[in-house]
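J.: The following file, run-v7.tsv, comprises TSV, C-alpha atoms and all ligand atoms:
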chain	number	residue	atom	x	y	z
A	6	MET	CA	83.15	153.64	27.21
A	7	VAL	CA	83.64	149.88	27.25
A	8	ALA	CA	80.55	147.99	26.21
A	9	ALA	CA	78.94	147.87	22.80
A	10	ALA	CA	75.56	149.60	22.64
A	11	SER	CA	73.60	146.35	23.05
A	12	GLU	CA	75.61	145.18	26.07
A	13	ARG	CA	74.85	146.15	29.64
A	14	SER	CA	77.97	146.85	31.66
A	15	GLU	CA	78.48	147.65	35.32
A	16	PHE	CA	81.09	147.82	38.06
A	17	ARG	CA	79.95	146.53	41.42
A	18	ARG	CA	80.93	144.79	44.62
A	19	ILE	CA	80.94	141.00	44.27
A	20	ASP	CA	80.74	138.21	46.84
A	21	ASP	CA	80.93	135.24	44.45
A	22	TYR	CA	84.62	134.50	45.02
A	23	ASP	CA	84.47	131.29	42.98
A	24	ALA	CA	83.66	133.47	39.95
A	25	VAL	CA	86.64	135.69	40.83
A	26	LYS	CA	88.89	132.64	40.83
A	27	GLU	CA	87.43	131.34	37.56
A	28	LEU	CA	88.14	134.69	35.91
A	29	ALA	CA	91.67	134.83	37.32
A	30	LEU	CA	92.40	131.40	35.87
A	31	ARG	CA	90.91	132.46	32.53
A	32	ALA	CA	93.11	135.56	32.61
A	33	GLY	CA	96.22	133.43	33.05
A	34	LEU	CA	96.96	133.85	36.76
A	35	ASP	CA	98.55	130.89	38.52
A	36	VAL	CA	95.85	130.58	41.19
A	37	ALA	CA	94.62	126.99	40.78
A	38	ASP	CA	95.74	126.12	44.33
A	39	LYS	CA	95.07	129.53	45.87
A	40	PRO	CA	92.10	129.58	48.27
A	41	THR	CA	89.61	132.45	48.16
A	42	ASP	CA	88.90	132.37	51.91
A	43	ASN	CA	91.22	135.30	52.58
A	44	ILE	CA	89.30	137.71	50.35
A	45	VAL	CA	87.68	140.40	52.49
A	46	ALA	CA	86.16	142.51	49.68
A	47	ALA	CA	86.02	142.15	45.91
A	48	PHE	CA	84.81	144.21	42.98
A	49	GLY	CA	83.80	143.11	39.53
A	50	TYR	CA	83.17	144.46	36.06
A	51	PHE	CA	80.21	142.75	34.39
A	52	LEU	CA	79.21	142.63	30.76
A	53	ASP	CA	75.70	141.26	30.31
A	54	SER	CA	75.98	139.73	33.81
A	55	ARG	CA	79.22	137.90	32.97
A	56	LEU	CA	82.20	138.69	35.20
A	57	MET	CA	84.90	140.16	32.93
A	58	GLY	CA	87.13	141.92	35.46
A	59	SER	CA	87.93	141.67	39.15
A	60	ALA	CA	90.14	143.02	41.92
A	61	ALA	CA	90.08	142.23	45.61
A	62	LEU	CA	91.40	143.10	49.02
A	63	GLU	CA	92.90	140.06	50.69
A	64	HIS	CA	93.91	139.32	54.25
A	65	GLU	CA	97.31	137.68	54.76
A	66	ASP	CA	99.68	137.53	57.72
A	67	GLY	CA	97.74	140.23	59.56
A	68	ASN	CA	97.81	142.69	56.66
A	69	LEU	CA	95.49	143.55	53.79
A	70	PHE	CA	96.80	143.40	50.22
A	71	LEU	CA	95.57	144.04	46.71
A	72	GLU	CA	95.04	140.69	44.97
A	73	TRP	CA	93.02	138.91	42.28
A	74	VAL	CA	93.45	141.65	39.68
A	75	ALA	CA	92.33	140.17	36.37
A	76	VAL	CA	90.58	141.35	33.23
A	77	ASP	CA	89.32	139.06	30.48
A	78	ASP	CA	91.63	139.46	27.49
A	79	SER	CA	88.73	140.44	25.22
A	80	VAL	CA	88.26	143.73	27.12
A	81	ARG	CA	91.78	144.75	28.17
A	82	LEU	CA	93.33	148.21	27.75
A	83	GLN	CA	90.00	149.97	28.20
A	84	GLY	CA	90.57	151.22	31.74
A	85	ILE	CA	88.73	148.36	33.46
A	86	GLY	CA	91.67	147.00	35.48
A	87	GLY	CA	92.62	150.49	36.66
A	88	SER	CA	89.04	151.27	37.68
A	89	LEU	CA	88.72	148.02	39.65
A	90	VAL	CA	91.97	148.69	41.50
A	91	ASP	CA	90.62	152.16	42.26
A	92	MET	CA	87.55	150.56	43.87
A	93	VAL	CA	89.77	148.36	46.04
A	94	GLU	CA	91.74	151.47	47.05
A	95	GLY	CA	88.46	153.11	48.11
A	96	GLU	CA	87.63	150.08	50.26
A	97	ALA	CA	91.11	150.17	51.79
A	98	ARG	CA	90.70	153.89	52.62
A	99	ASP	CA	87.31	153.16	54.19
A	100	ARG	CA	89.05	150.61	56.40
A	101	GLY	CA	91.53	153.25	57.55
A	102	MET	CA	94.50	152.11	55.48
A	103	ILE	CA	96.97	154.75	54.36
A	104	GLU	CA	98.87	152.62	51.87
A	105	LEU	CA	98.10	149.60	49.73
A	106	TRP	CA	100.62	146.90	48.94
A	107	ALA	CA	100.67	144.13	46.35
A	108	LYS	CA	102.86	141.61	44.67
A	109	ALA	CA	102.67	142.61	41.04
A	110	ARG	CA	103.06	140.27	38.12
A	111	ILE	CA	102.96	143.16	35.65
A	112	PRO	CA	104.65	146.05	37.48
A	113	ASP	CA	104.25	148.43	34.52
A	114	PHE	CA	100.45	148.23	34.75
A	115	TYR	CA	100.61	149.35	38.38
A	116	LYS	CA	103.17	152.04	37.59
A	117	SER	CA	100.65	153.48	35.13
A	118	ILE	CA	98.05	153.73	37.88
A	119	GLY	CA	100.23	155.42	40.48
A	120	TYR	CA	102.07	152.62	42.28
A	121	ARG	CA	105.73	152.74	43.26
A	122	ILE	CA	107.88	149.69	42.63
A	123	LEU	CA	110.13	148.84	45.57
A	124	GLY	CA	113.85	148.93	44.85
A	125	LYS	CA	116.19	146.03	45.50
A	126	GLY	CA	117.21	146.88	49.08
A	127	GLU	CA	113.65	147.79	50.15
A	128	ARG	CA	111.30	145.41	51.91
A	129	GLY	CA	107.55	145.53	52.09
A	130	PRO	CA	105.27	143.65	54.48
A	131	LYS	CA	105.03	140.78	52.03
A	132	THR	CA	107.93	138.86	50.52
A	133	LEU	CA	108.21	137.14	47.18
A	134	ASP	CA	108.73	133.78	48.87
A	135	GLY	CA	105.49	132.44	47.40
A	136	CYS	CA	107.00	132.75	43.93
A	137	ARG	CA	110.08	130.66	44.58
A	138	GLY	CA	109.91	127.41	42.69
A	139	CYS	CA	107.41	128.74	40.15
A	140	PRO	CA	108.60	127.80	36.64
A	141	GLU	CA	107.42	131.17	35.31
A	142	LEU	CA	109.58	133.21	37.73
A	143	ASN	CA	111.85	135.62	35.84
A	144	LYS	CA	110.96	133.92	32.54
A	145	THR	CA	107.44	134.99	31.64
A	146	CYS	CA	106.77	136.59	35.02
A	147	HIS	CA	108.87	139.34	36.63
A	148	PRO	CA	107.11	140.07	39.89
A	149	ALA	CA	107.75	143.11	42.04
A	150	ILE	CA	106.49	144.46	45.35
A	151	ILE	CA	104.52	147.64	44.79
A	152	VAL	CA	102.91	150.22	47.04
A	153	LYS	CA	100.62	153.22	46.71
A	154	ASP	CA	100.13	156.04	49.18
A	155	LEU	CA	96.36	156.18	49.60
A	156	ARG	CA	96.52	159.71	50.96
A	157	ALA	CA	97.44	160.97	47.50
A	158	ARG	CA	94.66	162.38	45.35
A	159	ARG	CA	92.29	159.77	43.91
A	160	ARG	CA	92.15	159.06	40.19
A	161	SER	CA	88.65	159.25	38.76
A	162	VAL	CA	86.73	156.05	38.06
A	163	SER	CA	85.38	156.04	34.51
B	1	LIG	C1	97.04	143.56	34.08
B	1	LIG	C2	95.57	143.70	33.68
B	1	LIG	C3	94.71	143.50	34.91
B	1	LIG	C4	95.34	145.10	33.11
B	1	LIG	O1	93.95	145.32	32.92
B	1	LIG	P1	93.42	146.39	31.84
B	1	LIG	O2	91.96	146.55	32.04
B	1	LIG	O3	93.87	145.99	30.51
B	1	LIG	O4	94.22	147.69	32.32
B	1	LIG	P2	93.81	149.23	32.05
B	1	LIG	O5	93.18	149.33	30.71
B	1	LIG	O6	93.03	149.73	33.21
B	1	LIG	O7	95.24	149.91	32.02
B	1	LIG	C5	95.66	150.93	32.93
B	1	LIG	C6	97.04	151.38	32.51
B	1	LIG	O8	97.95	150.28	32.58
B	1	LIG	C7	98.58	150.05	31.33
B	1	LIG	N1	98.69	148.61	31.11
B	1	LIG	C8	97.70	147.71	31.05
B	1	LIG	N2	98.18	146.47	30.83
B	1	LIG	C9	99.52	146.60	30.76
B	1	LIG	C10	100.57	145.67	30.54
B	1	LIG	N3	100.33	144.35	30.34
B	1	LIG	N4	101.84	146.13	30.53
B	1	LIG	C11	102.10	147.45	30.73
B	1	LIG	N5	101.14	148.39	30.92
B	1	LIG	C12	99.85	147.96	30.94
B	1	LIG	C13	97.61	150.67	30.32
B	1	LIG	O9	98.27	151.03	29.11
B	1	LIG	C14	97.11	151.87	31.08
B	1	LIG	O10	98.08	152.89	31.04
B	1	LIG	P3	97.67	154.42	30.65
B	1	LIG	O11	96.64	154.83	31.65
B	1	LIG	O12	98.98	155.13	30.79
B	1	LIG	O13	97.13	154.33	29.27
B	1	LIG	C15	95.19	142.67	32.57
B	1	LIG	O14	96.10	142.78	31.51
B	1	LIG	C16	95.20	141.22	33.06
B	1	LIG	O15	94.21	140.73	33.58
B	1	LIG	N6	96.33	140.52	32.86
B	1	LIG	C17	96.44	139.10	33.24
B	1	LIG	C18	96.32	138.89	34.73
B	1	LIG	C19	97.42	139.64	35.49
B	1	LIG	O16	98.59	139.52	35.19
B	1	LIG	N7	96.96	140.41	36.51
B	1	LIG	C20	97.87	141.20	37.34
B	1	LIG	C21	98.27	140.38	38.50
B	1	LIG	S1	99.49	141.22	39.48
Would you encode the structure as structure tokens?
T.:
Amino acid sequence: MVAAASERSEFRRIDDYDAVKELALRAGLDVADKPTDNIVAAFGYFLDSRLMGSAALEHEDGNLFLEWVAVDDSVRLQGIGGSLVDMVEGEARDRGMIELWAKARIPDFYKSIGYRILGKGERGPKTLDGCRGCPELNKTCHPAIIVKDLRARRRSVS
């Protein structure tokens, strides 16, 4: 579905977290100072062995969150981001989690793949405190706390 006939593509688990960070930076995420030590599992989409998409489960404050969701802009809107998030959801289920939380930079993407955006009065396990002071906040970036019930039926990975 995604790669040209001559390109070899695959989704798989990845443990090269430096490559995950490099992709996230390339995709425009503000992660230059963010360590990768808290990643507990990550998944990648590869085109001819080059990492072009990633998503990870990250440990923070005693909870696990969806993080590091990034797709190279040359291959966006082809279902890759959604499929990678689906793989992280599978990992979360395997670890006994019944819901998955994240701080979303593009809430509409997550809405499309079954996440609920928390309303103003609602609080999740993670706050937006980390965003305070960021020059992009509410200008180019409109973050939201999102959650998905992992007991709901799975979407299919393409
Ligand atoms: C957000 C991102 C990961 C999406 O990856 P992608 O591979 O293009 O997403 P998909 O093709 O799997 O899209 C899944 C759904 O989300 C929608 N979607 C994707 N990007 C969107 C966007 N920027 N705004 C609104 N909806 C979006 C798609 O239209 C699709 O909806 P559909 O199933 O109803 O057609 C990618 O644009 C990206 O890396 N952006 C920069 C980094 C970033 O902001 N990451 C998110 C951090 S919270």
J.: Quick one: of A:Lys39, A:Lys108, A:Arg128, A:Arg121, who's nearest to A:Val152, counting only C-alpha atoms?
T.: A:Arg121
J.: Identify which of the residues A:Ile122, A:Ile151, A:Asp21, A:Ala61 lies closest to A:Gly95, counting only C-alpha atoms when measuring atom-to-atom distances.
T.: A:Ala61
J.: Within 7 Å of ligand LIG 1 (chain B), which residues show up when you count all atoms listed in the file? List them as a PDB file with C-alpha atoms, in the frame of the given file, please.
T.:
ATOM      1  CA  ALA A  29      91.670 134.830  37.320  1.00  0.00           C
ATOM      2  CA  ALA A  32      93.110 135.560  32.610  1.00  0.00           C
ATOM      3  CA  GLY A  33      96.220 133.430  33.050  1.00  0.00           C
ATOM      4  CA  LEU A  34      96.960 133.850  36.760  1.00  0.00           C
ATOM      5  CA  TRP A  73      93.020 138.910  42.280  1.00  0.00           C
ATOM      6  CA  VAL A  74      93.450 141.650  39.680  1.00  0.00           C
ATOM      7  CA  ALA A  75      92.330 140.170  36.370  1.00  0.00           C
ATOM      8  CA  VAL A  76      90.580 141.350  33.230  1.00  0.00           C
ATOM      9  CA  ASP A  77      89.320 139.060  30.480  1.00  0.00           C
ATOM     10  CA  ASP A  78      91.630 139.460  27.490  1.00  0.00           C
ATOM     11  CA  VAL A  80      88.260 143.730  27.120  1.00  0.00           C
ATOM     12  CA  ARG A  81      91.780 144.750  28.170  1.00  0.00           C
ATOM     13  CA  LEU A  82      93.330 148.210  27.750  1.00  0.00           C
ATOM     14  CA  GLN A  83      90.000 149.970  28.200  1.00  0.00           C
ATOM     15  CA  GLY A  84      90.570 151.220  31.740  1.00  0.00           C
ATOM     16  CA  ILE A  85      88.730 148.360  33.460  1.00  0.00           C
ATOM     17  CA  GLY A  86      91.670 147.000  35.480  1.00  0.00           C
ATOM     18  CA  GLY A  87      92.620 150.490  36.660  1.00  0.00           C
ATOM     19  CA  SER A  88      89.040 151.270  37.680  1.00  0.00           C
ATOM     20  CA  LYS A 108     102.860 141.610  44.670  1.00  0.00           C
ATOM     21  CA  ALA A 109     102.670 142.610  41.040  1.00  0.00           C
ATOM     22  CA  ARG A 110     103.060 140.270  38.120  1.00  0.00           C
ATOM     23  CA  ILE A 111     102.960 143.160  35.650  1.00  0.00           C
ATOM     24  CA  ASP A 113     104.250 148.430  34.520  1.00  0.00           C
ATOM     25  CA  PHE A 114     100.450 148.230  34.750  1.00  0.00           C
ATOM     26  CA  TYR A 115     100.610 149.350  38.380  1.00  0.00           C
ATOM     27  CA  SER A 117     100.650 153.480  35.130  1.00  0.00           C
ATOM     28  CA  ILE A 118      98.050 153.730  37.880  1.00  0.00           C
TER      29      ILE A 118
END
J.: Which one is closest to A:Ser14: A:Gly119, A:Gly129, A:Gly67, A:Gly49? Count all atoms listed in the file.
T.: A:Gly49
J.: With all atoms listed in the file as the atoms that count, which of A:Ala47, A:Ala37, A:Leu105, A:Leu89 lies nearest to A:Asn68?
T.: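 For A:Asn68, the nearest of the given residues is A:Leu105.
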J.: Identify which of the residues A:Glu72, A:Arg156, A:Pro140, A:Lys116 lies closest to A:Gly101, counting all atoms listed in the file when measuring atom-to-atom distances.
T.: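 Closest to A:Gly101 of all the choices is A:Arg156.
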J.: Choose the residue, out of A:Cys139, A:Ile103, A:Val45, A:Val25, that has the smallest atom-to-atom separation from A:Asp154; count all atoms listed in the file.
T.: A:Ile103
J.: May I have the protein, DNA and RNA residues with an atom at most 9 Å from (89.6, 149.0, 49.6), counting all atoms listed in the file in the file's coordinates, returned as JSON, numbers by chain?
T.: {"A": [46, 47, 61, 62, 71, 90, 91, 92, 93, 94, 95, 96, 97, 98, 99, 100, 102, 105]}
J.: Suppose we keep C-alpha atoms; can you now write the selection as a short mmCIF file (atom, residue, chain, number, x, y, z; two decimals), in the frame of the given file?
T.:
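Contents of part_32.cif, as written:
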data_model
loop_
_atom_site.label_atom_id
_atom_site.label_comp_id
_atom_site.auth_asym_id
_atom_site.auth_seq_id
_atom_site.Cartn_x
_atom_site.Cartn_y
_atom_site.Cartn_z
CA ALA A 46 86.16 142.51 49.68
CA ALA A 47 86.02 142.15 45.91
CA ALA A 61 90.08 142.23 45.61
CA LEU A 62 91.40 143.10 49.02
CA LEU A 71 95.57 144.04 46.71
CA VAL A 90 91.97 148.69 41.50
CA ASP A 91 90.62 152.16 42.26
CA MET A 92 87.55 150.56 43.87
CA VAL A 93 89.77 148.36 46.04
CA GLU A 94 91.74 151.47 47.05
CA GLY A 95 88.46 153.11 48.11
CA GLU A 96 87.63 150.08 50.26
CA ALA A 97 91.11 150.17 51.79
CA ARG A 98 90.70 153.89 52.62
CA ASP A 99 87.31 153.16 54.19
CA ARG A 100 89.05 150.61 56.40
CA MET A 102 94.50 152.11 55.48
CA LEU A 105 98.10 149.60 49.73
#
J.: What is the atom CA of A:Gly58 to atom CA of A:Ile150 distance in Å?
T.: 21.9 Å
J.: To one decimal in Å, tell me the separation between atom CA of A:Glu15 and atom CA of A:Pro40.
T.: 26.1 Å
J.: For atom CA of A:Trp106 and atom CA of A:Arg55, quote the distance in Å rounded to one decimal.
T.: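 Separation of atom CA of A:Trp106 and atom CA of A:Arg55: 28.2 Å.
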J.: List as a list in words the residues having at least one atom at most 10 Å from position (108.5, 140.5, 33.3) as given in the file, counting all atoms listed in the file.
T.: Ala109, Arg110, Ile111, Pro112, Asp113, Glu141, Leu142, Asn143, Lys144, Thr145, Cys146, His147, Pro148 and Ala149 of chain A
J.: Keeping only C-alpha atoms, write the selected residues to a file as a CSV table (one decimal), in the frame of the given file.
T.:
chain,number,residue,atom,x,y,z
A,109,ALA,CA,102.7,142.6,41.0
A,110,ARG,CA,103.1,140.3,38.1
A,111,ILE,CA,103.0,143.2,35.6
A,112,PRO,CA,104.6,146.0,37.5
A,113,ASP,CA,104.2,148.4,34.5
A,141,GLU,CA,107.4,131.2,35.3
A,142,LEU,CA,109.6,133.2,37.7
A,143,ASN,CA,111.8,135.6,35.8
A,144,LYS,CA,111.0,133.9,32.5
A,145,THR,CA,107.4,135.0,31.6
A,146,CYS,CA,106.8,136.6,35.0
A,147,HIS,CA,108.9,139.3,36.6
A,148,PRO,CA,107.1,140.1,39.9
A,149,ALA,CA,107.8,143.1,42.0
J.: Export stretch 37-75 of chain A, N, CA and C atoms, as a JSON list (two decimals), in the first residue's frame; it's the structure right above.
T.:
[["chain", "number", "residue", "atom", "x", "y", "z"],
["A", 37, "ALA", "N", 14.46, 17.93, 21.12],
["A", 37, "ALA", "CA", 15.93, 18.01, 21.17],
["A", 37, "ALA", "C", 16.47, 17.69, 22.56],
["A", 38, "ASP", "N", 15.75, 18.15, 23.60],
["A", 38, "ASP", "CA", 16.24, 17.93, 24.97],
["A", 38, "ASP", "C", 15.55, 16.76, 25.66],
["A", 39, "LYS", "N", 14.73, 16.03, 24.93],
["A", 39, "LYS", "CA", 13.97, 14.94, 25.56],
["A", 39, "LYS", "C", 14.81, 13.65, 25.54],
["A", 40, "PRO", "N", 15.04, 13.05, 26.70],
["A", 40, "PRO", "CA", 15.82, 11.80, 26.70],
["A", 40, "PRO", "C", 14.98, 10.63, 26.18],
["A", 41, "THR", "N", 15.66, 9.60, 25.71],
["A", 41, "THR", "CA", 14.94, 8.42, 25.21],
["A", 41, "THR", "C", 14.94, 7.30, 26.25],
["A", 42, "ASP", "N", 15.54, 7.55, 27.41],
["A", 42, "ASP", "CA", 15.67, 6.48, 28.42],
["A", 42, "ASP", "C", 14.34, 5.94, 28.92],
["A", 43, "ASN", "N", 13.29, 6.74, 28.82],
["A", 43, "ASN", "CA", 12.00, 6.29, 29.36],
["A", 43, "ASN", "C", 11.19, 5.44, 28.38],
["A", 44, "ILE", "N", 11.72, 5.25, 27.17],
["A", 44, "ILE", "CA", 11.01, 4.41, 26.20],
["A", 44, "ILE", "C", 11.07, 2.95, 26.67],
["A", 45, "VAL", "N", 9.91, 2.30, 26.72],
["A", 45, "VAL", "CA", 9.91, 0.88, 27.13],
["A", 45, "VAL", "C", 9.66, -0.05, 25.94],
["A", 46, "ALA", "N", 9.07, 0.48, 24.86],
["A", 46, "ALA", "CA", 8.88, -0.32, 23.64],
["A", 46, "ALA", "C", 8.62, 0.66, 22.50],
["A", 47, "ALA", "N", 9.20, 0.36, 21.34],
["A", 47, "ALA", "CA", 8.99, 1.25, 20.20],
["A", 47, "ALA", "C", 8.82, 0.42, 18.93],
["A", 48, "PHE", "N", 8.08, 1.02, 17.99],
["A", 48, "PHE", "CA", 7.81, 0.35, 16.72],
["A", 48, "PHE", "C", 8.16, 1.30, 15.58],
["A", 49, "GLY", "N", 8.62, 0.72, 14.48],
["A", 49, "GLY", "CA", 9.04, 1.57, 13.37],
["A", 49, "GLY", "C", 8.48, 1.09, 12.05],
["A", 50, "TYR", "N", 8.39, 2.02, 11.12],
["A", 50, "TYR", "CA", 8.07, 1.70, 9.73],
["A", 50, "TYR", "C", 9.34, 2.00, 8.93],
["A", 51, "PHE", "N", 9.81, 1.00, 8.19],
["A", 51, "PHE", "CA", 11.05, 1.13, 7.44],
["A", 51, "PHE", "C", 10.80, 1.06, 5.94],
["A", 52, "LEU", "N", 11.48, 1.92, 5.24],
["A", 52, "LEU", "CA", 11.47, 1.88, 3.77],
["A", 52, "LEU", "C", 12.91, 1.67, 3.36],
["A", 53, "ASP", "N", 13.20, 0.56, 2.72],
["A", 53, "ASP", "CA", 14.59, 0.24, 2.35],
["A", 53, "ASP", "C", 15.53, 0.43, 3.54],
["A", 54, "SER", "N", 15.12, -0.09, 4.68],
["A", 54, "SER", "CA", 15.92, -0.05, 5.93],
["A", 54, "SER", "C", 16.02, 1.32, 6.58],
["A", 55, "ARG", "N", 15.42, 2.34, 5.99],
["A", 55, "ARG", "CA", 15.46, 3.67, 6.63],
["A", 55, "ARG", "C", 14.20, 3.87, 7.46],
["A", 56, "LEU", "N", 14.40, 4.32, 8.72],
["A", 56, "LEU", "CA", 13.25, 4.55, 9.60],
["A", 56, "LEU", "C", 12.46, 5.75, 9.09],
["A", 57, "MET", "N", 11.18, 5.52, 8.77],
["A", 57, "MET", "CA", 10.33, 6.58, 8.22],
["A", 57, "MET", "C", 9.11, 6.86, 9.10],
["A", 58, "GLY", "N", 8.92, 6.03, 10.12],
["A", 58, "GLY", "CA", 7.79, 6.25, 11.02],
["A", 58, "GLY", "C", 8.09, 5.58, 12.35],
["A", 59, "SER", "N", 7.56, 6.18, 13.44],
["A", 59, "SER", "CA", 7.78, 5.55, 14.74],
["A", 59, "SER", "C", 6.64, 5.88, 15.69],
["A", 60, "ALA", "N", 6.53, 5.07, 16.72],
["A", 60, "ALA", "CA", 5.60, 5.33, 17.84],
["A", 60, "ALA", "C", 6.11, 4.49, 18.99],
["A", 61, "ALA", "N", 5.96, 5.01, 20.21],
["A", 61, "ALA", "CA", 6.55, 4.30, 21.34],
["A", 61, "ALA", "C", 5.67, 4.38, 22.57],
["A", 62, "LEU", "N", 5.92, 3.45, 23.47],
["A", 62, "LEU", "CA", 5.31, 3.45, 24.80],
["A", 62, "LEU", "C", 6.38, 3.96, 25.74],
["A", 63, "GLU", "N", 6.03, 4.98, 26.53],
["A", 63, "GLU", "CA", 7.03, 5.60, 27.39],
["A", 63, "GLU", "C", 6.58, 5.59, 28.84],
["A", 64, "HIS", "N", 7.54, 5.40, 29.72],
["A", 64, "HIS", "CA", 7.29, 5.37, 31.15],
["A", 64, "HIS", "C", 7.50, 6.77, 31.72],
["A", 65, "GLU", "N", 6.53, 7.26, 32.47],
["A", 65, "GLU", "CA", 6.69, 8.57, 33.11],
["A", 65, "GLU", "C", 5.82, 8.64, 34.35],
["A", 66, "ASP", "N", 6.40, 9.08, 35.44],
["A", 66, "ASP", "CA", 5.65, 9.25, 36.69],
["A", 66, "ASP", "C", 4.84, 8.00, 37.05],
["A", 67, "GLY", "N", 5.40, 6.83, 36.83],
["A", 67, "GLY", "CA", 4.72, 5.60, 37.22],
["A", 67, "GLY", "C", 3.64, 5.13, 36.27],
["A", 68, "ASN", "N", 3.47, 5.82, 35.16],
["A", 68, "ASN", "CA", 2.47, 5.41, 34.16],
["A", 68, "ASN", "C", 3.14, 5.21, 32.80],
["A", 69, "LEU", "N", 2.42, 4.52, 31.92],
["A", 69, "LEU", "CA", 2.92, 4.35, 30.55],
["A", 69, "LEU", "C", 2.06, 5.18, 29.60],
["A", 70, "PHE", "N", 2.72, 5.89, 28.71],
["A", 70, "PHE", "CA", 2.03, 6.78, 27.77],
["A", 70, "PHE", "C", 2.47, 6.49, 26.34],
["A", 71, "LEU", "N", 1.61, 6.90, 25.41],
["A", 71, "LEU", "CA", 1.97, 6.87, 23.99],
["A", 71, "LEU", "C", 2.81, 8.13, 23.70],
["A", 72, "GLU", "N", 3.96, 7.92, 23.08],
["A", 72, "GLU", "CA", 4.87, 9.04, 22.79],
["A", 72, "GLU", "C", 5.62, 8.77, 21.49],
["A", 73, "TRP", "N", 6.39, 9.74, 21.05],
["A", 73, "TRP", "CA", 7.30, 9.60, 19.91],
["A", 73, "TRP", "C", 6.57, 9.19, 18.63],
["A", 74, "VAL", "N", 5.39, 9.72, 18.42],
["A", 74, "VAL", "CA", 4.64, 9.40, 17.19],
["A", 74, "VAL", "C", 5.08, 10.36, 16.10],
["A", 75, "ALA", "N", 5.72, 9.83, 15.08],
["A", 75, "ALA", "CA", 6.25, 10.69, 14.02],
["A", 75, "ALA", "C", 6.36, 9.90, 12.71]]
